[in-house]
Amino acid sequence: MSSNTDGSPPSTSSAAAATTRDWIFPSYSFVHSTHNIRRTPRRRRFSSYHPPQSQQFNSTAPASSSEDASNSFTTISPSYRPQSSEFVNYQKSTRLVAGRPDEPAAAPVKSNDAVSSEKIFSKLFRGCLRIRPRFAFSVSIVTTVLSSLLSKNFTLHKEVTQLQDQISKLNVGLKLCNLLDSPDMYNSTLQDVSLDPSKSLKIAALLVSIMLLVLPLFFLKYVDYISSSRRQVDNNSEEVSLNKQLAYRVDVFLSVTPYAKPLALLVATLLLICLGGLALFGVTDDSLADSLWLSWTYIADSGNHANSEGFGSRLVSVSISFGGMLIFAMMLGLVSDAISEKFDSLRKGRSEVVERDHTLILGWSDKLGSLLNQLAIANESLGGGNVVVMAEHDKEEMELDIGKMEFDFRGTSVICRSGSPLILADLKKVSVSKARAIVVLAEDGNADQSDARALRTVLSLTGVKEGLQAHIVVELSDLDNEVLVKLVGGDLVETVVAHDVIGRLMIQCARQPGLAQIWEDILGFENCEFYIKRWPQLDGMQFEDVLISFKEAVPCGVKVASSGGKIILNPDDSYVLQEGDEILVIAEDDDTYSPSDLPTVLGGNLPEHELIQKSFERILLCGWRRDMEDMITVLDASLAHGSELWMFNEVPENERERKLTDGGLEIDRLINIILVHREGNAVIRRHLESLPLESFDSILILADESVEDSAIQADSRSLATLLLIRDIQAKRLPYREAMAYQTQRGSFSQGSWIGEMQQASDKSVIISEILDPRTKNLLSMSKISDYVLSNELVSMALAMVAEDRQINDVLEELFAEEGNELHIRAAHLYIEEGEELSFYEILLRARQRREILIGYRLADTEKAVINPPAKNERKEWSMKDVFVVIAEKE
C-alpha cells in the first residue's frame, strides 16, 4: 500500500478503493516508487505480450461501474514489463472491473495442434506480406504513373467541361449578335467540339499501352510469388514449381518447333509496333494508322525519332527505337546463326546429293585411294564422272585425305558425305536409288566383324523404298561369308573376296615369275582390260575367225545368249556365234576397237618338242593366314607329286593341325604335297638361318594374321623378312657364282648388298604380300623381289566389277581352282629359232594347244605387252622371249 502524497491519512472508503485500485492497477505513486517496483532480471526480446507504453486510468471512478472502469487507465512507466503471473492477475482484474466476476479465467496453456496451426498461419501471413525491394519499387513507380495519368485525365476532363461551358456562352452571344449565319465559323466550332471524344480515346490508348507493358512484369512476379509460397508451405513436396514448368514449356517450344526463333522475333516485332503505335497515338495528334506506321519506321530505323516534338512524343519514340535496336540485334543473331548452321551443314556433309548415274562408295579403307584412281581412269573417256563417298568420318577429314592422294582425277568429281550406310535416311541423302553402281568396302580389322557389317549394309540397301537401279559390289574378307551375302542380296550383289583372291594370286605368281605385273595391267584401267560387247555383224562366224577380226583387241571368250548369258572363256574354234551372243575382248578402252575385214594369216604347225612333265618343287610359306587351308588345297592341285610345302610361323604345330582341320582341310587326303612344319619368328635371323633357304624354288611371305589389322606393321614385318632371307641366301651362294653374276651385271660393286640380293633373286622367287602402296616403291627400286600389292589389286578388281558386273564371272574363273587361268609360256613352244612370224600367226599356233595368246614379254625388257598393236606385222623372235596365254589349268 502507498500513502497520499500530501501525508494526510486517507479515509476508510478511500483506503479501500485505493487498496483495490492498487491491487488491480498500481497507482502512479506506487509505480514510480523505488521500493515497490519489481524489476525483471532480463528484458524479453521476443515476448508474446507487449503492453502499451502509457495507459490512463481514472482513479476516482467507482469499482462497480464496469464501463467507466474499462475505459479509464492510468499512466504506466515505459520501463515496466509485467511478468506472466502479473499479466494473469491483470486479466482477472479486468474481468472483475468489467462486471463479469463469475466468468472463469482462460487457461494460458495451448495445445500442440493449435500452436502448430498458428505457426503455419503466421508463416503464410509473413510470406504473403514479404515484398521484395525491386518489386516494391516497381509497384510504387507504376502506381505513381497511373495516379499521375488519372489526375491528368480528370484535370483535362475538367478543362474540357469548362471549355464546353465557354463555347456554349459564346454560342449564345453569337446568336444574340446574329453571327452564326457564317458557315465557316459554324464548321470550325463543330470541329473543335468534336475533338473531345478523340482526346479521351488517345488517353485510353496510352493507358492500355502502359498496362500491356507492365502486365508481363506483374505476371512474372506473381509466378515467382506462387512458386515461393508453395515451397514455404511444403518443403518436402515433389511438385515442380510454376516458374520451372513455364521455363520447361518455353524450352520445349524453342527446341521442338522448327521455326520457333523467327516466330518469336515476329511476335516481338508485332507487339512492339502495336504498343508503340498505341503510345504514339496517345501522345500525338496523329491517327492510329499513322501512329502504327510511325512506330514501324522507328523500329526499322532508329534514327527516325529525331524529328519528334514534345516530351511525351520523344519519350515514346526513344523507347520504341531502343526496342527496335534490340529486335534488329536479335534478327542479326538469327540470320547469322542460320547462315553458320547452313555452312556447317554443307561443311559436315549433311546436305543431300542431287546426282544421277553416279558411283556410290560406302565405307572407308586403305583401298579407297586405288579405287578412286581406277574409277577416274575408267571415266576419262567420258570426260569424267561423279563418285560419291559416304562413310562414318568427318567430311572435312575425308576431303583432306582424298586431296593428299597423288594422282590425277581426270575430270572426275569426288563428293564426300558423312553418314552411316545402315541408316536409310543417310542412304537417301546420297541418292542411292539413282546410282549406277554401289561399292561396299570392307573395314580394316577383324574379318568376321567386317563381313557382318557388309551384310547389314546389303540389308539396308535392299530395304530402300524407291528401289535400286544399280548393282552392288561387296568386298568380303572371308570366303565362308560369301554365300550368306549372296542369299540376302540376290541378283543385285556381286562379291569380291579379297583374301581369297590375293591368296590364289600369290600362288600363281610364285610359280610363274612376272605374272604379278601382268595381272596389274589386265585388272587396271591404265592399259588393257576386259570388255563385253555385241557385234551383230559377227553372227554366224566361227570363233577361230573372230580371233583375227579385231586389230585393236584380242577376243578371249563369248557370252552365250542361249545359256542365260553365261560367259565361256577360251571356247572351241568351231563355235559359231548366234544371235544375241556377245564377245569378250581385251582392249584399251570400250571405244577403241571394232571388227574389221579378215586378214590373210598363215598359221603353220607347232614346232616339235618334248612334253615337259611337272617337276618336284619345294615351297616355303612364312607366316600364317586365315585361309591357309585354301592355299594348301590349291597348291596340292597345282604341284607335282612329292613336292614339299614348308610352313614356318609362330603357331605351335599341334595347334596348326587343329586350325587346318577346323577350316575343312583333311591332311591325310593330300595327294601331291608333303607338309613340313617349322616353328619360329620370321623376323629373327637365327630362326631363319635354321631353314635351307637356298633350296626353295619359291618363298611366299604372307601378311601374318597377328598383324594384318595394321597395314604398315604388316608391311614392315614382310619387308624385314624379305631382306633377311635375301641376305642369308646371298651369303650361302658360292663365291665364284657371285663374282660372275656381278661381272655380268656390272652395275654394283663387289661388296654391294643389293647386287648380292639380286643374284639371290635369280635362284628363287619370293612373293611378298604388300598391303600399303607406299611399300611398293621400295620393292620396285631394289628389284630384289617379285610382289603382290594386295590392296591395289583388289581395288582394281572392285573398280572393274563396278563398271561392268559381268567381268566378275571372268575374274572368278581366272582365280578359281578349275577352268582357265593366265600362264607364261616359253617361246620354244610356238616358234623355231630365227623364225619371223606375226602376232596373228603365233595366236593361231597357240590355238592348236587350246590356248589364247594375249601378249608377250621380250627377253631384253621387264614389262609384258598385252594386246600389242600391229598384230599382222612380222618380226623375229628370240627363244628367250615368253608369251602370255589364257589356258586351262594343268
# chains A, B, ... in the order shown; residues from 1 in each chain; ligands from 1

$ select_by_dssp --residues "segment 584-802 of chain A" --states "alpha helix (DSSP H)" --output "VMD selection string"
chain A and resid 628 to 638 653 to 662 685 to 689 711 to 732 735 to 745 753 to 763 773 to 782 790 to 802

$ residues_around --residues "segment 356-370 of chain A" --least-positions-apart "2" --cutoff "7 Å" --atoms "only C-alpha atoms" --output "list in words"
Leu372, Asn373, Gln374, Asn386, Val387, Val388, Val389, Met390, Ala391, Met405, Pro421, Lys434, Ala435, Arg436, Ala437, Ile438, Val439, Val440, Leu441, Glu443, Asp444, Asn791, Glu792 and Ser795 of chain A

$ residues_around --residues "segment 382-384 of chain A" --least-positions-apart "6" --cutoff "10 Å" --atoms "only C-alpha atoms" --output "list in words"
Leu375, Ala376, Phe409, Arg410, Gly411, Thr412 and Ser413 of chain A

$ select_by_dssp --residues "segment 528-587 of chain A" --states "strand (DSSP E or B)" --output "compact mmCIF listing (two decimals) with C-alpha atoms, in the first residue's frame"
# COMPACT_ATOMS: atom_id res chain seq x y z
CA GLU A 529 41.21 -54.59 -119.61
CA PHE A 530 38.21 -56.81 -120.29
CA TYR A 531 35.18 -55.55 -122.23
CA ILE A 532 32.00 -57.31 -123.34
CA LYS A 533 30.04 -56.03 -126.33
CA GLN A 542 33.24 -69.25 -136.11
CA PHE A 550 39.90 -57.18 -134.30
CA ALA A 553 41.64 -56.07 -129.37
CA VAL A 554 42.16 -59.73 -128.52
CA PRO A 555 38.99 -61.84 -128.28
CA CYS A 556 39.13 -64.38 -125.49
CA GLY A 557 35.56 -65.52 -124.82
CA VAL A 558 31.89 -65.46 -125.71
CA LYS A 559 28.84 -64.55 -123.69
CA VAL A 560 26.30 -67.11 -124.86
CA LYS A 566 26.96 -67.44 -119.37
CA ILE A 567 30.49 -66.38 -120.28
CA ILE A 568 32.70 -69.06 -121.81
CA LEU A 569 36.42 -68.37 -121.72
CA VAL A 576 29.51 -70.43 -134.23
CA GLU A 582 28.48 -61.01 -127.16
CA ILE A 583 32.26 -61.02 -127.50
CA LEU A 584 34.66 -60.79 -124.55
CA VAL A 585 37.85 -58.98 -125.54
CA ILE A 586 40.94 -57.41 -124.00
CA ALA A 587 41.21 -53.82 -125.27

$ closest_residue --among "A:Ala711, A:Ile671, A:Leu853, A:Ala703" --to "Leu621 of chain A" --atoms "only C-alpha atoms"
A:Ala703

$ closest_residue --among "A:Val493, A:Asn672, A:Gly467, A:Tyr222" --to "Leu455 of chain A" --atoms "only C-alpha atoms"
A:Val493

$ closest_residue --among "A:Ala797, A:Val283, A:Val483, A:Val882" --to "Glu309 of chain A" --atoms "only C-alpha atoms"
A:Val283

$ residues_around --residues "Ser596 of chain A" --least-positions-apart "3" --cutoff "12 Å" --atoms "only C-alpha atoms" --output "compact mmCIF listing (two decimals) with N, CA, C and O atoms, in the first residue's frame"
# COMPACT_ATOMS: atom_id res chain seq x y z
N TRP A 535 28.37 -57.55 -131.31
CA TRP A 535 28.65 -57.12 -132.68
C TRP A 535 27.78 -57.96 -133.61
O TRP A 535 28.09 -59.12 -133.90
N GLN A 537 27.36 -57.97 -136.73
CA GLN A 537 27.97 -58.38 -138.00
C GLN A 537 28.81 -59.65 -137.87
O GLN A 537 29.21 -60.24 -138.89
N LEU A 538 29.05 -60.09 -136.64
CA LEU A 538 29.83 -61.31 -136.44
C LEU A 538 28.95 -62.54 -136.26
O LEU A 538 29.48 -63.66 -136.10
N ASP A 545 37.69 -67.51 -136.58
CA ASP A 545 37.79 -66.31 -137.41
C ASP A 545 37.59 -65.03 -136.59
O ASP A 545 38.14 -63.97 -136.93
N VAL A 546 36.80 -65.13 -135.51
CA VAL A 546 36.60 -63.96 -134.66
C VAL A 546 37.92 -63.53 -134.01
O VAL A 546 38.16 -62.34 -133.79
N LEU A 547 38.83 -64.48 -133.74
CA LEU A 547 40.09 -64.16 -133.08
C LEU A 547 40.94 -63.15 -133.86
O LEU A 547 41.67 -62.36 -133.27
N ILE A 548 40.84 -63.18 -135.19
CA ILE A 548 41.66 -62.29 -136.01
C ILE A 548 40.83 -61.19 -136.67
O ILE A 548 41.27 -60.57 -137.64
N SER A 549 39.62 -60.94 -136.11
CA SER A 549 38.74 -59.92 -136.69
C SER A 549 38.95 -58.55 -136.07
O SER A 549 38.41 -57.56 -136.57
N PHE A 550 39.69 -58.45 -134.98
CA PHE A 550 39.90 -57.18 -134.30
C PHE A 550 41.38 -56.83 -134.33
O PHE A 550 42.22 -57.58 -133.84
N LYS A 551 41.69 -55.66 -134.90
CA LYS A 551 43.07 -55.21 -134.94
C LYS A 551 43.51 -54.56 -133.62
O LYS A 551 44.69 -54.56 -133.31
N GLU A 552 42.57 -53.99 -132.89
CA GLU A 552 42.90 -53.28 -131.65
C GLU A 552 42.48 -54.04 -130.41
O GLU A 552 42.49 -53.50 -129.31
N ALA A 553 42.09 -55.29 -130.52
CA ALA A 553 41.64 -56.07 -129.37
C ALA A 553 41.98 -57.54 -129.58
O ALA A 553 42.27 -57.97 -130.71
N TYR A 593 38.05 -50.14 -130.29
CA TYR A 593 38.14 -51.34 -131.12
C TYR A 593 36.81 -51.57 -131.83
O TYR A 593 35.75 -51.15 -131.38
N PRO A 599 42.00 -60.68 -142.10
CA PRO A 599 43.29 -60.64 -142.80
C PRO A 599 43.70 -62.05 -143.24
O PRO A 599 43.14 -63.06 -142.79

$ closest_residue --among "A:Ser643, A:Trp624, A:Met331, A:Glu890" --to "Arg656 of chain A" --atoms "only C-alpha atoms"
A:Trp624

$ atom_distance --atom1 "atom CA of Leu702 of chain A" --atom2 "atom CA of Glu817 of chain A"
20.0 Å

$ closest_residue --among "A:Glu694, A:Asp709, A:Asp786, A:Asp491" --to "Gln512 of chain A" --atoms "only C-alpha atoms"
A:Asp786
